[in-house]
Every structure is written in structure tokens, then in C-alpha cells.
file data08.pdb (PDB, C-alpha atoms, pLDDT in the B column)
ATOM      1  CA  MET A   1     172.568  61.573  42.316  1.00 39.00           C
ATOM      2  CA  SER A   2     171.997  65.260  43.133  1.00 44.00           C
ATOM      3  CA  ASP A   3     174.387  68.079  42.274  1.00 45.00           C
ATOM      4  CA  ASP A   4     175.530  68.235  45.910  1.00 47.00           C
ATOM      5  CA  ASP A   5     176.325  64.520  46.301  1.00 48.00           C
ATOM      6  CA  GLU A   6     179.978  63.580  46.584  1.00 46.00           C
ATOM      7  CA  GLU A   7     181.246  60.745  44.435  1.00 50.00           C
ATOM      8  CA  ASP A   8     184.566  59.038  45.090  1.00 49.00           C
ATOM      9  CA  THR A   9     186.268  58.385  41.768  1.00 53.00           C
ATOM     10  CA  GLY A  10     188.967  56.344  43.458  1.00 61.00           C
ATOM     11  CA  ARG A  11     191.660  58.823  42.451  1.00 69.00           C
ATOM     12  CA  CYS A  12     193.473  61.181  44.782  1.00 74.00           C
ATOM     13  CA  LEU A  13     196.142  63.830  44.383  1.00 74.00           C
ATOM     14  CA  VAL A  14     198.390  64.246  47.418  1.00 80.00           C
ATOM     15  CA  ILE A  15     200.399  67.425  47.884  1.00 80.00           C
ATOM     16  CA  ASP A  16     203.104  67.254  50.546  1.00 82.00           C
ATOM     17  CA  THR A  17     205.523  70.100  49.859  1.00 83.00           C
ATOM     18  CA  PRO A  18     206.969  71.895  52.905  1.00 86.00           C
ATOM     19  CA  ALA A  19     208.569  74.672  50.814  1.00 89.00           C
ATOM     20  CA  LEU A  20     205.497  75.450  48.653  1.00 89.00           C
ATOM     21  CA  THR A  21     204.528  79.135  48.769  1.00 91.00           C
ATOM     22  CA  TYR A  22     202.217  79.477  45.713  1.00 89.00           C
ATOM     23  CA  LEU A  23     199.401  77.212  44.508  1.00 88.00           C
ATOM     24  CA  ASP A  24     197.100  77.655  41.493  1.00 88.00           C
ATOM     25  CA  ILE A  25     194.407  74.969  41.095  1.00 80.00           C
ATOM     26  CA  ALA A  26     191.745  74.454  38.414  1.00 77.00           C
ATOM     27  CA  ASP A  27     190.184  70.999  38.668  1.00 73.00           C
ATOM     28  CA  TYR A  28     186.784  69.672  37.574  1.00 68.00           C
ATOM     29  CA  SER A  29     187.661  65.974  37.620  1.00 70.00           C
ATOM     30  CA  GLY A  30     185.859  65.206  40.876  1.00 64.00           C
ATOM     31  CA  ASN A  31     188.969  63.473  42.191  1.00 68.00           C
ATOM     32  CA  SER A  32     189.826  63.891  45.847  1.00 69.00           C
ATOM     33  CA  TRP A  33     192.686  66.030  47.112  1.00 69.00           C
ATOM     34  CA  SER A  34     194.953  65.812  50.119  1.00 73.00           C
ATOM     35  CA  ILE A  35     197.075  68.841  50.967  1.00 77.00           C
ATOM     36  CA  GLU A  36     199.416  68.311  53.883  1.00 78.00           C
ATOM     37  CA  ASN A  37     202.576  69.769  55.335  1.00 79.00           C
ATOM     38  CA  THR A  38     202.546  73.142  53.564  1.00 82.00           C
ATOM     39  CA  PRO A  39     203.681  75.514  56.354  1.00 84.00           C
ATOM     40  CA  CYS A  40     205.057  78.068  53.867  1.00 86.00           C
ATOM     41  CA  LEU A  41     201.955  78.302  51.658  1.00 87.00           C
ATOM     42  CA  GLU A  42     201.004  81.966  51.327  1.00 91.00           C
ATOM     43  CA  GLU A  43     199.142  82.474  48.055  1.00 91.00           C
ATOM     44  CA  VAL A  44     196.331  80.312  46.667  1.00 89.00           C
ATOM     45  CA  TYR A  45     194.192  80.627  43.533  1.00 85.00           C
ATOM     46  CA  PHE A  46     191.655  77.928  42.935  1.00 76.00           C
ATOM     47  CA  ASN A  47     188.559  76.892  41.069  1.00 73.00           C
ATOM     48  CA  VAL A  48     187.508  73.336  41.783  1.00 68.00           C
ATOM     49  CA  ASP A  49     184.510  71.083  41.307  1.00 60.00           C
ATOM     50  CA  ARG A  50     182.081  71.646  44.186  1.00 53.00           C
ATOM     51  CA  SER A  51     181.470  67.861  44.363  1.00 53.00           C
ATOM     52  CA  LEU A  52     185.084  67.317  45.419  1.00 53.00           C
ATOM     53  CA  LEU A  53     185.215  64.573  48.041  1.00 55.00           C
ATOM     54  CA  GLY A  54     186.270  65.911  51.437  1.00 64.00           C
ATOM     55  CA  PHE A  55     185.653  69.476  50.264  1.00 68.00           C
ATOM     56  CA  ASP A  56     185.590  70.985  53.749  1.00 75.00           C
ATOM     57  CA  LYS A  57     188.893  69.373  54.730  1.00 76.00           C
ATOM     58  CA  PHE A  58     190.388  70.506  51.427  1.00 75.00           C
ATOM     59  CA  LEU A  59     189.447  74.141  52.101  1.00 80.00           C
ATOM     60  CA  ARG A  60     190.813  74.035  55.631  1.00 83.00           C
ATOM     61  CA  SER A  61     194.229  73.302  54.146  1.00 83.00           C
ATOM     62  CA  PHE A  62     194.356  76.989  53.182  1.00 86.00           C
ATOM     63  CA  SER A  63     193.491  78.476  56.569  1.00 88.00           C
ATOM     64  CA  LYS A  64     196.992  79.951  57.063  1.00 89.00           C
ATOM     65  CA  VAL A  65     197.457  81.612  53.670  1.00 93.00           C
ATOM     66  CA  LEU A  66     198.043  85.344  53.220  1.00 95.00           C
ATOM     67  CA  PHE A  67     196.288  85.739  49.853  1.00 96.00           C
ATOM     68  CA  LEU A  68     193.306  83.816  48.534  1.00 93.00           C
ATOM     69  CA  GLU A  69     191.474  84.020  45.210  1.00 92.00           C
ATOM     70  CA  LEU A  70     188.469  81.844  44.492  1.00 85.00           C
ATOM     71  CA  ILE A  71     185.385  81.448  42.329  1.00 83.00           C
ATOM     72  CA  LEU A  72     182.485  81.055  44.729  1.00 79.00           C
ATOM     73  CA  THR A  73     179.737  78.457  44.775  1.00 73.00           C
ATOM     74  CA  ASP A  74     177.059  78.071  47.442  1.00 71.00           C
ATOM     75  CA  LYS A  75     178.835  75.109  48.993  1.00 72.00           C
ATOM     76  CA  MET A  76     182.196  76.830  48.982  1.00 76.00           C
ATOM     77  CA  ILE A  77     181.112  80.045  50.682  1.00 74.00           C
ATOM     78  CA  VAL A  78     179.274  78.131  53.417  1.00 75.00           C
ATOM     79  CA  CYS A  79     182.414  76.106  54.111  1.00 79.00           C
ATOM     80  CA  PHE A  80     184.619  79.173  54.090  1.00 77.00           C
ATOM     81  CA  SER A  81     182.370  80.990  56.529  1.00 78.00           C
ATOM     82  CA  THR A  82     183.197  78.324  59.143  1.00 85.00           C
ATOM     83  CA  ILE A  83     186.986  78.415  58.689  1.00 90.00           C
ATOM     84  CA  GLU A  84     189.204  80.910  60.498  1.00 93.00           C
ATOM     85  CA  PHE A  85     191.775  82.498  58.205  1.00 92.00           C
ATOM     86  CA  SER A  86     193.968  83.958  60.917  1.00 93.00           C
ATOM     87  CA  ARG A  87     196.683  85.296  58.569  1.00 94.00           C
ATOM     88  CA  LEU A  88     194.663  86.283  55.499  1.00 95.00           C
ATOM     89  CA  THR A  89     195.417  89.870  54.426  1.00 97.00           C
ATOM     90  CA  LYS A  90     194.137  89.928  50.827  1.00 97.00           C
ATOM     91  CA  CYS A  91     191.167  88.135  49.306  1.00 96.00           C
ATOM     92  CA  LYS A  92     189.604  88.226  45.851  1.00 95.00           C
ATOM     93  CA  LEU A  93     186.168  86.682  45.389  1.00 91.00           C
ATOM     94  CA  PHE A  94     184.323  85.915  42.153  1.00 89.00           C
ATOM     95  CA  PRO A  95     180.591  85.519  42.922  1.00 84.00           C
ATOM     96  CA  ASN A  96     179.429  82.740  40.600  1.00 72.00           C
ATOM     97  CA  ASN A  97     175.651  82.497  40.712  1.00 66.00           C
ATOM     98  CA  SER A  98     175.837  81.808  44.460  1.00 68.00           C
ATOM     99  CA  ASN A  99     174.106  83.132  47.579  1.00 77.00           C
ATOM    100  CA  TRP A 100     177.500  84.372  48.698  1.00 83.00           C
ATOM    101  CA  MET A 101     176.388  87.563  50.454  1.00 85.00           C
ATOM    102  CA  ASP A 102     174.320  85.650  53.007  1.00 84.00           C
ATOM    103  CA  SER A 103     177.580  84.143  54.272  1.00 85.00           C
ATOM    104  CA  LEU A 104     179.843  87.148  53.709  1.00 88.00           C
ATOM    105  CA  VAL A 105     179.652  88.587  57.227  1.00 90.00           C
ATOM    106  CA  SER A 106     180.428  85.187  58.764  1.00 89.00           C
ATOM    107  CA  PHE A 107     183.404  84.915  56.436  1.00 89.00           C
ATOM    108  CA  LEU A 108     184.646  88.383  57.440  1.00 93.00           C
ATOM    109  CA  HIS A 109     184.327  87.453  61.110  1.00 93.00           C
ATOM    110  CA  ASN A 110     186.909  84.749  60.389  1.00 93.00           C
ATOM    111  CA  THR A 111     189.414  87.060  58.670  1.00 95.00           C
ATOM    112  CA  PRO A 112     190.605  89.330  61.515  1.00 96.00           C
ATOM    113  CA  LYS A 113     193.693  90.620  59.639  1.00 97.00           C
ATOM    114  CA  LEU A 114     192.118  91.223  56.222  1.00 98.00           C
ATOM    115  CA  LYS A 115     193.451  94.437  54.647  1.00 98.00           C
ATOM    116  CA  TYR A 116     192.317  94.223  51.039  1.00 98.00           C
ATOM    117  CA  LEU A 117     188.992  92.814  49.797  1.00 98.00           C
ATOM    118  CA  ILE A 118     188.172  92.530  46.087  1.00 97.00           C
ATOM    119  CA  ILE A 119     184.771  91.495  44.731  1.00 95.00           C
ATOM    120  CA  ASP A 120     184.913  90.794  41.002  1.00 93.00           C
ATOM    121  CA  TYR A 121     181.705  90.380  38.965  1.00 88.00           C
ATOM    122  CA  VAL A 122     183.593  90.061  35.655  1.00 81.00           C
ATOM    123  CA  LEU A 123     183.017  86.303  35.493  1.00 67.00           C
ATOM    124  CA  ASN A 124     179.252  86.757  35.787  1.00 53.00           C
ATOM    125  CA  ALA A 125     179.269  89.390  33.059  1.00 45.00           C
ATOM    126  CA  PHE A 126     181.317  87.093  30.819  1.00 40.00           C
ATOM    127  CA  LEU A 127     178.988  84.134  31.358  1.00 42.00           C
ATOM    128  CA  MET A 128     175.911  86.257  30.693  1.00 39.00           C
ATOM    129  CA  HIS A 129     177.463  87.611  27.500  1.00 37.00           C
ATOM    130  CA  THR A 130     178.410  84.102  26.378  1.00 38.00           C
ATOM    131  CA  ASN A 131     174.931  82.735  27.028  1.00 40.00           C
ATOM    132  CA  SER A 132     173.383  85.723  25.250  1.00 40.00           C
ATOM    133  CA  ASN A 133     175.452  84.990  22.166  1.00 43.00           C
ATOM    134  CA  CYS A 134     174.419  81.352  22.369  1.00 40.00           C
ATOM    135  CA  CYS A 135     170.717  82.295  22.669  1.00 37.00           C
ATOM    136  CA  GLN A 136     170.529  80.770  26.148  1.00 41.00           C
ATOM    137  CA  LYS A 137     168.507  82.302  28.965  1.00 37.00           C
ATOM    138  CA  THR A 138     170.639  81.146  31.881  1.00 39.00           C
ATOM    139  CA  ASN A 139     171.089  83.913  34.457  1.00 43.00           C
ATOM    140  CA  HIS A 140     174.588  83.984  35.911  1.00 48.00           C
ATOM    141  CA  GLN A 141     174.026  86.969  38.162  1.00 57.00           C
ATOM    142  CA  PRO A 142     174.164  85.926  41.836  1.00 58.00           C
ATOM    143  CA  PRO A 143     170.730  85.465  43.435  1.00 63.00           C
ATOM    144  CA  ILE A 144     169.315  88.407  45.373  1.00 72.00           C
ATOM    145  CA  ALA A 145     170.694  88.466  48.913  1.00 73.00           C
ATOM    146  CA  SER A 146     168.313  88.073  51.832  1.00 76.00           C
ATOM    147  CA  MET A 147     167.138  91.196  53.654  1.00 75.00           C
ATOM    148  CA  TRP A 148     169.170  90.271  56.734  1.00 77.00           C
ATOM    149  CA  TRP A 149     172.473  89.352  55.062  1.00 81.00           C
ATOM    150  CA  SER A 150     174.425  92.094  56.878  1.00 83.00           C
ATOM    151  CA  GLN A 151     172.858  91.607  60.306  1.00 83.00           C
ATOM    152  CA  SER A 152     175.250  90.484  63.019  1.00 80.00           C
ATOM    153  CA  ILE A 153     175.590  90.823  66.788  1.00 85.00           C
ATOM    154  CA  SER A 154     178.846  92.677  66.172  1.00 87.00           C
ATOM    155  CA  ASP A 155     180.827  93.903  63.188  1.00 91.00           C
ATOM    156  CA  PRO A 156     183.707  91.714  61.983  1.00 95.00           C
ATOM    157  CA  GLU A 157     187.033  92.571  63.604  1.00 96.00           C
ATOM    158  CA  CYS A 158     188.695  93.312  60.261  1.00 97.00           C
ATOM    159  CA  LEU A 159     186.243  96.156  59.619  1.00 97.00           C
ATOM    160  CA  SER A 160     187.252  97.918  62.820  1.00 96.00           C
ATOM    161  CA  SER A 161     190.971  97.215  62.826  1.00 97.00           C
ATOM    162  CA  SER A 162     192.533  96.229  59.498  1.00 98.00           C
ATOM    163  CA  LEU A 163     190.543  96.596  56.243  1.00 98.00           C
ATOM    164  CA  GLU A 164     192.190  99.426  54.287  1.00 98.00           C
ATOM    165  CA  LYS A 165     191.287  98.738  50.656  1.00 98.00           C
ATOM    166  CA  PHE A 166     188.049  97.632  49.019  1.00 98.00           C
ATOM    167  CA  GLU A 167     187.490  97.135  45.315  1.00 98.00           C
ATOM    168  CA  LEU A 168     184.343  96.149  43.443  1.00 97.00           C
ATOM    169  CA  ILE A 169     184.870  95.258  39.799  1.00 95.00           C
ATOM    170  CA  ASP A 170     182.051  95.443  37.231  1.00 91.00           C
ATOM    171  CA  TYR A 171     179.486  97.228  39.369  1.00 92.00           C
ATOM    172  CA  GLY A 172     176.217  96.813  37.511  1.00 88.00           C
ATOM    173  CA  GLY A 173     173.826  98.863  39.616  1.00 88.00           C
ATOM    174  CA  ARG A 174     172.030  95.952  41.271  1.00 88.00           C
ATOM    175  CA  GLU A 175     170.571  96.600  44.733  1.00 89.00           C
ATOM    176  CA  GLU A 176     172.785  93.880  46.185  1.00 88.00           C
ATOM    177  CA  GLU A 177     175.909  95.615  44.908  1.00 91.00           C
ATOM    178  CA  ARG A 178     174.863  98.979  46.312  1.00 93.00           C
ATOM    179  CA  GLU A 179     174.118  97.375  49.689  1.00 93.00           C
ATOM    180  CA  LEU A 180     177.566  95.804  49.681  1.00 94.00           C
ATOM    181  CA  VAL A 181     179.281  99.137  48.968  1.00 96.00           C
ATOM    182  CA  GLU A 182     177.199 100.827  51.660  1.00 96.00           C
ATOM    183  CA  TYR A 183     178.028  98.110  54.186  1.00 96.00           C
ATOM    184  CA  ILE A 184     181.775  98.450  53.597  1.00 97.00           C
ATOM    185  CA  LEU A 185     181.780 102.261  53.608  1.00 97.00           C
ATOM    186  CA  THR A 186     179.681 102.579  56.760  1.00 96.00           C
ATOM    187  CA  THR A 187     181.483  99.959  58.854  1.00 96.00           C
ATOM    188  CA  SER A 188     185.165  99.980  57.788  1.00 97.00           C
ATOM    189  CA  ILE A 189     186.824 102.289  60.289  1.00 97.00           C
ATOM    190  CA  CYS A 190     190.346 101.959  58.859  1.00 98.00           C
ATOM    191  CA  LEU A 191     189.357 102.161  55.199  1.00 98.00           C
ATOM    192  CA  LYS A 192     191.723 104.230  53.056  1.00 98.00           C
ATOM    193  CA  THR A 193     190.450 103.599  49.531  1.00 98.00           C
ATOM    194  CA  ALA A 194     187.332 102.159  47.934  1.00 98.00           C
ATOM    195  CA  THR A 195     187.467 101.679  44.166  1.00 98.00           C
ATOM    196  CA  ILE A 196     184.349 100.928  42.139  1.00 97.00           C
ATOM    197  CA  SER A 197     184.580  99.864  38.490  1.00 95.00           C
ATOM    198  CA  LEU A 198     181.601 101.044  36.424  1.00 93.00           C
ATOM    199  CA  SER A 199     182.810  99.620  33.132  1.00 85.00           C
ATOM    200  CA  THR A 200     179.557  97.744  32.402  1.00 82.00           C
ATOM    201  CA  LEU A 201     177.302 100.780  32.852  1.00 87.00           C
ATOM    202  CA  LYS A 202     176.060 102.967  30.033  1.00 87.00           C
ATOM    203  CA  LEU A 203     177.480 106.460  29.866  1.00 86.00           C
ATOM    204  CA  GLU A 204     174.186 108.055  30.925  1.00 86.00           C
ATOM    205  CA  ASP A 205     174.060 105.845  34.040  1.00 91.00           C
ATOM    206  CA  GLU A 206     177.597 106.514  35.233  1.00 92.00           C
ATOM    207  CA  ASP A 207     177.042 110.019  36.612  1.00 91.00           C
ATOM    208  CA  ILE A 208     173.857 108.981  38.414  1.00 93.00           C
ATOM    209  CA  THR A 209     175.577 105.976  39.951  1.00 94.00           C
ATOM    210  CA  MET A 210     178.622 107.972  41.072  1.00 94.00           C
ATOM    211  CA  LYS A 211     176.394 110.564  42.756  1.00 95.00           C
ATOM    212  CA  GLU A 212     174.443 107.832  44.558  1.00 96.00           C
ATOM    213  CA  LEU A 213     177.566 106.106  45.832  1.00 97.00           C
ATOM    214  CA  LYS A 214     179.272 109.361  46.815  1.00 97.00           C
ATOM    215  CA  ALA A 215     176.230 110.179  48.954  1.00 97.00           C
ATOM    216  CA  ILE A 216     176.780 107.102  51.121  1.00 97.00           C
ATOM    217  CA  PRO A 217     178.309 108.200  54.459  1.00 96.00           C
ATOM    218  CA  ARG A 218     181.781 106.857  55.256  1.00 97.00           C
ATOM    219  CA  VAL A 219     182.784 106.018  58.796  1.00 97.00           C
ATOM    220  CA  SER A 220     186.452 106.498  57.936  1.00 97.00           C
ATOM    221  CA  ILE A 221     187.092 110.220  57.634  1.00 94.00           C
ATOM    222  CA  THR A 222     190.381 109.578  55.809  1.00 94.00           C
ATOM    223  CA  SER A 223     188.927 107.291  53.144  1.00 97.00           C
ATOM    224  CA  HIS A 224     188.777 108.103  49.447  1.00 97.00           C
ATOM    225  CA  LEU A 225     186.229 106.850  46.920  1.00 97.00           C
ATOM    226  CA  PHE A 226     187.460 106.248  43.361  1.00 97.00           C
ATOM    227  CA  PHE A 227     185.651 105.224  40.196  1.00 96.00           C
ATOM    228  CA  LYS A 228     186.887 103.471  37.071  1.00 93.00           C
ATOM    229  CA  THR A 229     184.845 103.931  33.899  1.00 89.00           C
ATOM    230  CA  SER A 230     185.153 102.820  30.290  1.00 78.00           C
ATOM    231  CA  HIS A 231     184.192 106.238  28.987  1.00 65.00           C
ATOM    232  CA  LYS A 232     186.461 109.267  28.783  1.00 59.00           C
TER     233      LYS A 232
END

call {"tool": "encode", "arguments": {"input": "data08.pdb", "output": "C-alpha cells"}}
result
Amino acid sequence: MSDDDEEDTGRCLVIDTPALTYLDIADYSGNSWSIENTPCLEEVYFNVDRSLLGFDKFLRSFSKVLFLELILTDKMIVCFSTIEFSRLTKCKLFPNNSNWMDSLVSFLHNTPKLKYLIIDYVLNAFLMHTNSNCCQKTNHQPPIASMWWSQSISDPECLSSSLEKFELIDYGGREEERELVEYILTTSICLKTATISLSTLKLEDEDITMKELKAIPRVSITSHLFFKTSHK
């Protein structure tokens, strides 16, 4: 059986809670889920086994939430890029060794009211540090995005009408990360603040990186670019 095959364990958790507003899920059991009748659900945090049976249907259960936080896998980001999140205003994504950027624009096209986008690379840095201590060579940095990842017939609606805050945590200086910052700064018309955390960079690299990112033109004339560093 391949890593992408779905296996039915015969067990299923059913959630039917009309008053539920907050849901935090961490599940690697491979059991199936059924989430129904949650009209009040607004905030979801989850990290689940990608082999979850009925994964696409499971993700669609969250299409009406206001805030979403998730650890990305290849399968997850492809599914999410086909789901319309009509009410989503805040989203935090943890790239986890996935080709997530190739599906990012499609995902943004389906989040017309998104106001706050957070990309957090902390998990990748933690996994790399852990594997380094364990003398393993596994690379947990996301694969390099394709050259055409940002190409689209039109820009996502949220970039022209709603996105006000962007935050990138643990910027490491990779070309993919710089392209992401450039894409947001050059297309987000309503952007008010962009905050870049440089906590993983060496002191001598911080000034160079800040100058490079400050040189990127911003389409929003009222936007402000902030940096967080670990050095005083």
C-alpha cells in the first residue's frame, strides 16, 4: 500500500454539535471522521493523518469557518485549493515538506474575504533541528516551488479587496520565501502591515535581508513593512 492509499480501519468519529464554535484536532489514527451540523463553527485548528478516509469531504466541513490553522501536506493543500472558504478572514499555514506554493494562488482565489494570512516555517525549522541532533539527513524544508507557481489569469479577489495583514514567521532567506513576500507586497492592494520574522538568520545576514525586502515595491502606498529579529 502506498503512502497515499486510504485504509478504512472500521472506526469513525461523528461530530454533530450545532452550537460548536471552536475545534482543535490532532489525529494520526487513520480513522474516518464525519462532521455534520456545525453551523456555528468559526475557528478550527487541525493536524490529521493525510490517509484519513474521505479526506476531501472532511475538509469541506470547514468551508464556512472564520479562522483556520493547519499543518500542510501535499494532499491537503490540493484539496483546500478546490474548496471555497467564503467566510474565512484569518488563516495560518504551516508548510510541512509539501509543494504548497504551487497551490497557494488557487487557495487564495477561494478565500475572497481573507484579511490576515500567516505563513509559519517554525515547524520545519524544529524538524530540521531535531533530525540534525539525531544525525538524520531528512530535509524538512518544503520543496522548491515551480517557476510558474504565482501565474494566474487574474489575481485572487482577497488581494485586491480584503487582505490587510501578512506575516511570515522564520524567514530563512530561501528563494521561495523571497518570492512569496514579493508576490504579497506587489499584489495586495489593501495591505496595511507585512511582518517578517528573521529569527533564524545570523546577525550578519539580517541587515542584508532587510535591505533586499525593503527594496521590493509595494502596491499599497499605505502599507508598512516590519521585521522581527532575535538580535538587539

call {"tool": "atom_distance", "arguments": {"input": "data08.pdb", "atom1": "atom CA of His224 of chain A", "atom2": "atom CA of Asp170 of chain A"}}
result
18.8 Å

call {"tool": "closest_residue", "arguments": {"input": "data08.pdb", "among": "A:Thr209, A:Ser63, A:Thr200, A:Ser152", "to": "Arg178 of chain A", "atoms": "only C-alpha atoms"}}
result
A:Thr209

call {"tool": "residues_around", "arguments": {"input": "data08.pdb", "residues": "segment 103-118 of chain A", "least_positions_apart": "3", "cutoff": "9 Å", "atoms": "all atoms listed in the file", "output": "PyMOL selection string"}}
result
chain A and resi 66+77-78+80-94+99-100+149-152+155-159+161-169+191

call {"tool": "residues_around", "arguments": {"input": "data08.pdb", "residues": "Glu182 of chain A", "least_positions_apart": "3", "cutoff": "9 Å", "atoms": "all atoms listed in the file", "output": "list in words"}}
result
Glu177, Arg178, Glu179, Leu185, Thr186, Thr187, Leu213, Ile216, Pro217 and Arg218 of chain A

call {"tool": "atom_distance", "arguments": {"input": "data08.pdb", "atom1": "atom CA of Ser154 of chain A", "atom2": "atom CA of Thr222 of chain A"}}
result
22.9 Å

call {"tool": "resolve_selection", "arguments": {"input": "data08.pdb", "expression": "the PyMOL selection byres ((chain A and resi 47) around 7)", "output": "number ranges by chain"}}
result
A: 25-27, 46, 48, 70-71

call {"tool": "closest_residue", "arguments": {"input": "data08.pdb", "among": "A:Asn37, A:Ser29, A:Asn96, A:Thr193", "to": "Ile221 of chain A", "atoms": "all atoms listed in the file"}}
result
A:Thr193

call {"tool": "atom_distance", "arguments": {"input": "data08.pdb", "atom1": "atom CA of Glu43 of chain A", "atom2": "atom CA of Ala194 of chain A"}}
result
23.0 Å

call {"tool": "residues_around", "arguments": {"input": "data08.pdb", "residues": "Thr229 of chain A", "least_positions_apart": "5", "cutoff": "7 Å", "atoms": "only C-alpha atoms", "output": "PyMOL selection string"}}
result
chain A and resi 197-199

call {"tool": "write_last_selection", "arguments": {"input": "data08.pdb", "atoms": "C-alpha atoms", "output": "short mmCIF file (atom, residue, chain, number, x, y, z; two decimals), in the frame of the given file"}}
result
data_model
loop_
_atom_site.label_atom_id
_atom_site.label_comp_id
_atom_site.auth_asym_id
_atom_site.auth_seq_id
_atom_site.Cartn_x
_atom_site.Cartn_y
_atom_site.Cartn_z
CA SER A 197 184.58 99.86 38.49
CA LEU A 198 181.60 101.04 36.42
CA SER A 199 182.81 99.62 33.13
#

call {"tool": "closest_residue", "arguments": {"input": "data08.pdb", "among": "A:Ser223, A:Ser188, A:Ser61, A:Ser160", "to": "Glu36 of chain A", "atoms": "only C-alpha atoms"}}
result
A:Ser61

call {"tool": "closest_residue", "arguments": {"input": "data08.pdb", "among": "A:Asp16, A:Glu206, A:Asp74, A:Asp24", "to": "Cys40 of chain A", "atoms": "all atoms listed in the file"}}
result
A:Asp16

call {"tool": "build_atoms", "arguments": {"input": "data08.pdb", "residues": "segment 80-93 of chain A", "atoms": "N, CA and C atoms", "output": "PDB file, in the coordinates of the input"}}
result
ATOM      1  N   PHE A  80     183.650  78.148  53.741  1.00 77.00           N
ATOM      2  CA  PHE A  80     184.619  79.173  54.090  1.00 77.00           C
ATOM      3  C   PHE A  80     184.165  80.006  55.268  1.00 77.00           C
ATOM      4  N   SER A  81     182.873  80.173  55.426  1.00 78.00           N
ATOM      5  CA  SER A  81     182.370  80.990  56.529  1.00 78.00           C
ATOM      6  C   SER A  81     182.567  80.312  57.877  1.00 78.00           C
ATOM      7  N   THR A  82     182.968  79.044  57.885  1.00 85.00           N
ATOM      8  CA  THR A  82     183.197  78.324  59.143  1.00 85.00           C
ATOM      9  C   THR A  82     184.680  78.115  59.421  1.00 85.00           C
ATOM     10  N   ILE A  83     185.540  78.607  58.547  1.00 90.00           N
ATOM     11  CA  ILE A  83     186.986  78.415  58.689  1.00 90.00           C
ATOM     12  C   ILE A  83     187.641  79.729  59.092  1.00 90.00           C
ATOM     13  N   GLU A  84     188.501  79.697  60.083  1.00 93.00           N
ATOM     14  CA  GLU A  84     189.204  80.910  60.498  1.00 93.00           C
ATOM     15  C   GLU A  84     190.489  81.065  59.694  1.00 93.00           C
ATOM     16  N   PHE A  85     190.580  82.171  58.975  1.00 92.00           N
ATOM     17  CA  PHE A  85     191.775  82.498  58.205  1.00 92.00           C
ATOM     18  C   PHE A  85     192.559  83.550  58.998  1.00 92.00           C
ATOM     19  N   SER A  86     193.339  83.084  59.932  1.00 93.00           N
ATOM     20  CA  SER A  86     193.968  83.958  60.917  1.00 93.00           C
ATOM     21  C   SER A  86     195.042  84.863  60.333  1.00 93.00           C
ATOM     22  N   ARG A  87     195.598  84.508  59.159  1.00 94.00           N
ATOM     23  CA  ARG A  87     196.683  85.296  58.569  1.00 94.00           C
ATOM     24  C   ARG A  87     196.283  85.996  57.273  1.00 94.00           C
ATOM     25  N   LEU A  88     195.087  85.764  56.798  1.00 95.00           N
ATOM     26  CA  LEU A  88     194.663  86.283  55.499  1.00 95.00           C
ATOM     27  C   LEU A  88     194.647  87.812  55.492  1.00 95.00           C
ATOM     28  N   THR A  89     195.374  88.410  54.534  1.00 97.00           N
ATOM     29  CA  THR A  89     195.417  89.870  54.426  1.00 97.00           C
ATOM     30  C   THR A  89     194.794  90.380  53.130  1.00 97.00           C
ATOM     31  N   LYS A  90     194.724  89.518  52.099  1.00 97.00           N
ATOM     32  CA  LYS A  90     194.137  89.928  50.827  1.00 97.00           C
ATOM     33  C   LYS A  90     193.275  88.801  50.282  1.00 97.00           C
ATOM     34  N   CYS A  91     192.084  89.156  49.816  1.00 96.00           N
ATOM     35  CA  CYS A  91     191.167  88.135  49.306  1.00 96.00           C
ATOM     36  C   CYS A  91     190.409  88.680  48.105  1.00 96.00           C
ATOM     37  N   LYS A  92     190.354  87.866  47.053  1.00 95.00           N
ATOM     38  CA  LYS A  92     189.604  88.226  45.851  1.00 95.00           C
ATOM     39  C   LYS A  92     188.540  87.166  45.601  1.00 95.00           C
ATOM     40  N   LEU A  93     187.290  87.600  45.544  1.00 91.00           N
ATOM     41  CA  LEU A  93     186.168  86.682  45.389  1.00 91.00           C
ATOM     42  C   LEU A  93     185.438  86.942  44.081  1.00 91.00           C
TER      43      LEU A  93
END
